[in-house]
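Data block below; observations after.
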Amino acid sequence: MTQFYEPRFTAQQEVGEAFLAMRAEAIRAGFDLTPFSTFRDYRTQLRIWNNKFSGKKALYDIDGNVRDFCKLSPPEVIECILNWSALPGGSRHQWGTEIDVVDTAAMPPGYEPKLLPEEVRPGGIFHPLHCWLDANISKFGFFRPYKFFKGGMYPEPWHLSYAPLSMQVVKLVTPELLTRITEEAEILGKELVLERIHDIYVNHITNFVSPDEQ
Ligand SMILES: [Zn+2]
């Protein structure tokens with residue numbers, strides 16, 4: 001993994017170089033294409049999961065509206081977490097090939113990106129950037145694995161993946177690997193997760209939107 005400094009982000013060397021080339025072209029088009037979230041280690045993903053399972057962090061529906069945590073059973077909570085966040089050990093952000101992006105030039109002072117649908121739909125703060133991304137990311141090897149809803153992860157158009165590496169890494173993730181990681185983890189809802197590892201593998205790991213479907 002390589003630490004890049006301008007702008008600051010962590011990614012595999014080849015991914016970072018491809019991103020910086022894309023960023024240079026975006027800047028020429030008037031967009032300050034900036035990584036918002038890139039490499040996340042296992043512990044960070046576990047903290048996100050446990051905070052969501054315990055109700056400390058909000059759960060959202062497909063439109064980005066906050067769900068009522070109190071009305072959800074534990075299996076429903078897990079389903080809701082998985083719509084927006086990966087199982088620890090199953091996150092593409094652990095690979096160093098994934099970059100969530102924003103347009104810093106479009107942000108008023110003090111603006112905190114939310115990475116929610118309202119920001120990328122027509123009229124949203126990052127919509128112009130996304131029109132540019134539509135036309136340009138494939139030239140640099142990137143695609144959107146969560147471009148539209150296929151029954152697992154909700155659409156996350158801001159999540160870009162570097163195909164030459166990520167299409168190889170995804171093959172290394174197996175139900176057996178996810179089972180082993182989960183068994184050893186201090187993860188909330190462990191038994192419920194273990195019951196549905198196969199479903200998580202099929203619906204949340206392998207059914208991303210492939211480069212050919214973009
Ligand atoms: Zn992401």
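Going by the structure tokens order, chains are called A, B, ..., each with residues numbered from 1, while ligands are numbered from 1 in the order shown.
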
Test item, strand (DSSP E or B) assignment across stretch 18-212 of chain A, answer as a ChimeraX atom specification
/A:33-37,60,66,98-103,142-143,159-162

List the neighbours of stretch 126-138 of chain A out to 8 Å using only C-alpha atoms; skip same-chain residues closer than 2 positions along the sequence, and give me the result as number ranges by chain.
A: 22, 26, 31, 33, 102-103, 106, 119-124, 140-143, 157-158

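Taking only C-alpha atoms and all ligand atoms into account, the protein and nucleic acid residues that come at most 7 Å from ligand 1 are Ser37, His93, Glu98, Ile99, Asp100 and His159 of chain A.
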
Taking the backbone alone, and naming residues the way the document does, which bits of stretch 6-213 of chain A are helix (DSSP H, G or I) by DSSP, as a VMD selection string?
chain A and resid 13 to 28 42 to 53 69 to 71 74 to 84 92 to 94 104 to 106 117 to 120 127 to 140 163 to 172 175 to 184 190 to 195 197 to 205 211 to 213

Please produce a file of the residues just selected, as a compact mmCIF listing (two decimals), in the first residue's frame, where the atoms kept are C-alpha atoms.
```txt
# COMPACT_ATOMS: atom_id res chain seq x y z
CA GLN A 13 0.79 2.26 -6.23
CA GLU A 14 -0.72 1.49 -9.65
CA VAL A 15 -4.19 2.55 -8.50
CA GLY A 16 -2.93 5.82 -7.07
CA GLU A 17 -1.03 6.66 -10.25
CA ALA A 18 -4.10 5.97 -12.39
CA PHE A 19 -6.21 8.08 -10.06
CA LEU A 20 -3.77 11.02 -10.18
CA ALA A 21 -3.79 10.91 -14.00
CA MET A 22 -7.58 11.00 -13.94
CA ARG A 23 -7.54 13.78 -11.37
CA ALA A 24 -5.24 15.89 -13.56
CA GLU A 25 -7.73 15.64 -16.42
CA ALA A 26 -10.66 16.38 -14.10
CA ILE A 27 -8.91 19.51 -12.86
CA ARG A 28 -8.48 20.68 -16.47
CA TYR A 42 -10.21 -4.36 8.86
CA ARG A 43 -10.51 -2.71 12.27
CA THR A 44 -12.08 0.41 10.80
CA GLN A 45 -14.65 -1.67 8.94
CA LEU A 46 -15.35 -3.64 12.12
CA ARG A 47 -15.89 -0.40 14.06
CA ILE A 48 -18.34 0.84 11.39
CA TRP A 49 -20.22 -2.47 11.55
CA ASN A 50 -20.43 -2.59 15.35
CA ASN A 51 -21.49 1.06 15.60
CA LYS A 52 -24.29 0.40 13.12
CA PHE A 53 -25.37 -2.86 14.74
CA PHE A 69 -33.45 1.62 14.41
CA CYS A 70 -35.96 0.74 17.19
CA LYS A 71 -38.37 -0.84 14.73
CA PRO A 74 -31.47 -7.89 14.63
CA PRO A 75 -31.69 -9.75 11.27
CA GLU A 76 -33.26 -6.64 9.72
CA VAL A 77 -30.47 -4.49 11.18
CA ILE A 78 -27.92 -6.73 9.49
CA GLU A 79 -29.77 -6.46 6.18
CA CYS A 80 -29.80 -2.65 6.52
CA ILE A 81 -26.11 -2.48 7.39
CA LEU A 82 -25.25 -4.62 4.38
CA ASN A 83 -27.16 -2.31 2.04
CA TRP A 84 -24.59 0.44 2.65
CA ARG A 92 -13.67 -3.66 -1.30
CA HIS A 93 -12.06 -0.76 0.56
CA GLN A 94 -9.60 -3.23 2.11
CA THR A 104 -13.78 19.76 -3.49
CA ALA A 105 -14.21 22.72 -5.85
CA ALA A 106 -18.01 22.40 -5.59
CA PRO A 117 -27.86 10.04 -3.12
CA GLU A 118 -28.97 13.69 -2.67
CA GLU A 119 -25.45 14.87 -3.50
CA VAL A 120 -25.20 13.11 -6.86
CA HIS A 127 -23.93 16.02 -9.98
CA PRO A 128 -21.72 17.91 -12.49
CA LEU A 129 -18.70 15.89 -11.35
CA HIS A 130 -20.64 12.68 -11.89
CA CYS A 131 -21.55 13.66 -15.44
CA TRP A 132 -17.83 14.11 -16.07
CA LEU A 133 -17.03 10.76 -14.41
CA ASP A 134 -19.66 9.04 -16.61
CA ALA A 135 -17.68 10.02 -19.68
CA ASN A 136 -14.14 9.63 -18.41
CA ILE A 137 -13.45 6.99 -15.74
CA SER A 138 -13.13 4.03 -18.09
CA LYS A 139 -10.22 5.70 -19.91
CA PHE A 140 -8.24 5.46 -16.67
CA ALA A 163 -10.60 -2.75 -12.65
CA PRO A 164 -7.16 -4.14 -13.63
CA LEU A 165 -6.47 -5.02 -9.98
CA SER A 166 -9.88 -5.29 -8.30
CA MET A 167 -11.20 -7.80 -10.85
CA GLN A 168 -8.35 -10.07 -9.75
CA VAL A 169 -8.69 -9.47 -6.00
CA VAL A 170 -12.42 -10.24 -5.92
CA LYS A 171 -11.64 -13.80 -7.01
CA LEU A 172 -9.69 -14.31 -3.77
CA PRO A 175 -17.38 -17.92 1.59
CA GLU A 176 -14.80 -19.95 3.52
CA LEU A 177 -12.58 -16.91 3.99
CA LEU A 178 -15.53 -14.78 5.18
CA THR A 179 -16.57 -17.53 7.62
CA ARG A 180 -13.10 -17.79 9.09
CA ILE A 181 -12.71 -14.02 9.49
CA THR A 182 -16.15 -13.68 11.08
CA GLU A 183 -15.61 -16.57 13.50
CA GLU A 184 -12.44 -14.92 14.77
CA LYS A 190 -21.87 -12.88 14.81
CA GLU A 191 -24.25 -15.88 14.84
CA LEU A 192 -26.70 -14.13 12.52
CA VAL A 193 -23.88 -13.23 10.15
CA LEU A 194 -22.48 -16.76 10.10
CA GLU A 195 -25.95 -18.11 9.21
CA ILE A 197 -22.43 -16.01 4.88
CA HIS A 198 -23.40 -17.68 1.63
CA ASP A 199 -26.09 -15.06 0.96
CA ILE A 200 -23.60 -12.28 1.78
CA TYR A 201 -21.08 -13.79 -0.62
CA VAL A 202 -23.62 -14.12 -3.45
CA ASN A 203 -25.49 -10.84 -2.94
CA HIS A 204 -22.83 -8.50 -1.60
CA ILE A 205 -19.46 -9.71 -2.88
CA PRO A 211 -16.99 -3.14 -16.01
CA ASP A 212 -18.93 -4.64 -18.96
CA GLU A 213 -22.28 -3.57 -17.49
```

Set the distance at 10 Å and use only C-alpha atoms: which residues neighbour A:Arg8 once local chain neighbours fewer than 2 positions away are removed? I'd like the list as a PyMOL selection string.
chain A and resi 3-6+10+34-36+38

I'd like the interatomic distance between atom CA of A:Glu112 and atom CA of A:Tyr146, to a tenth of an Å.
22.0 Å
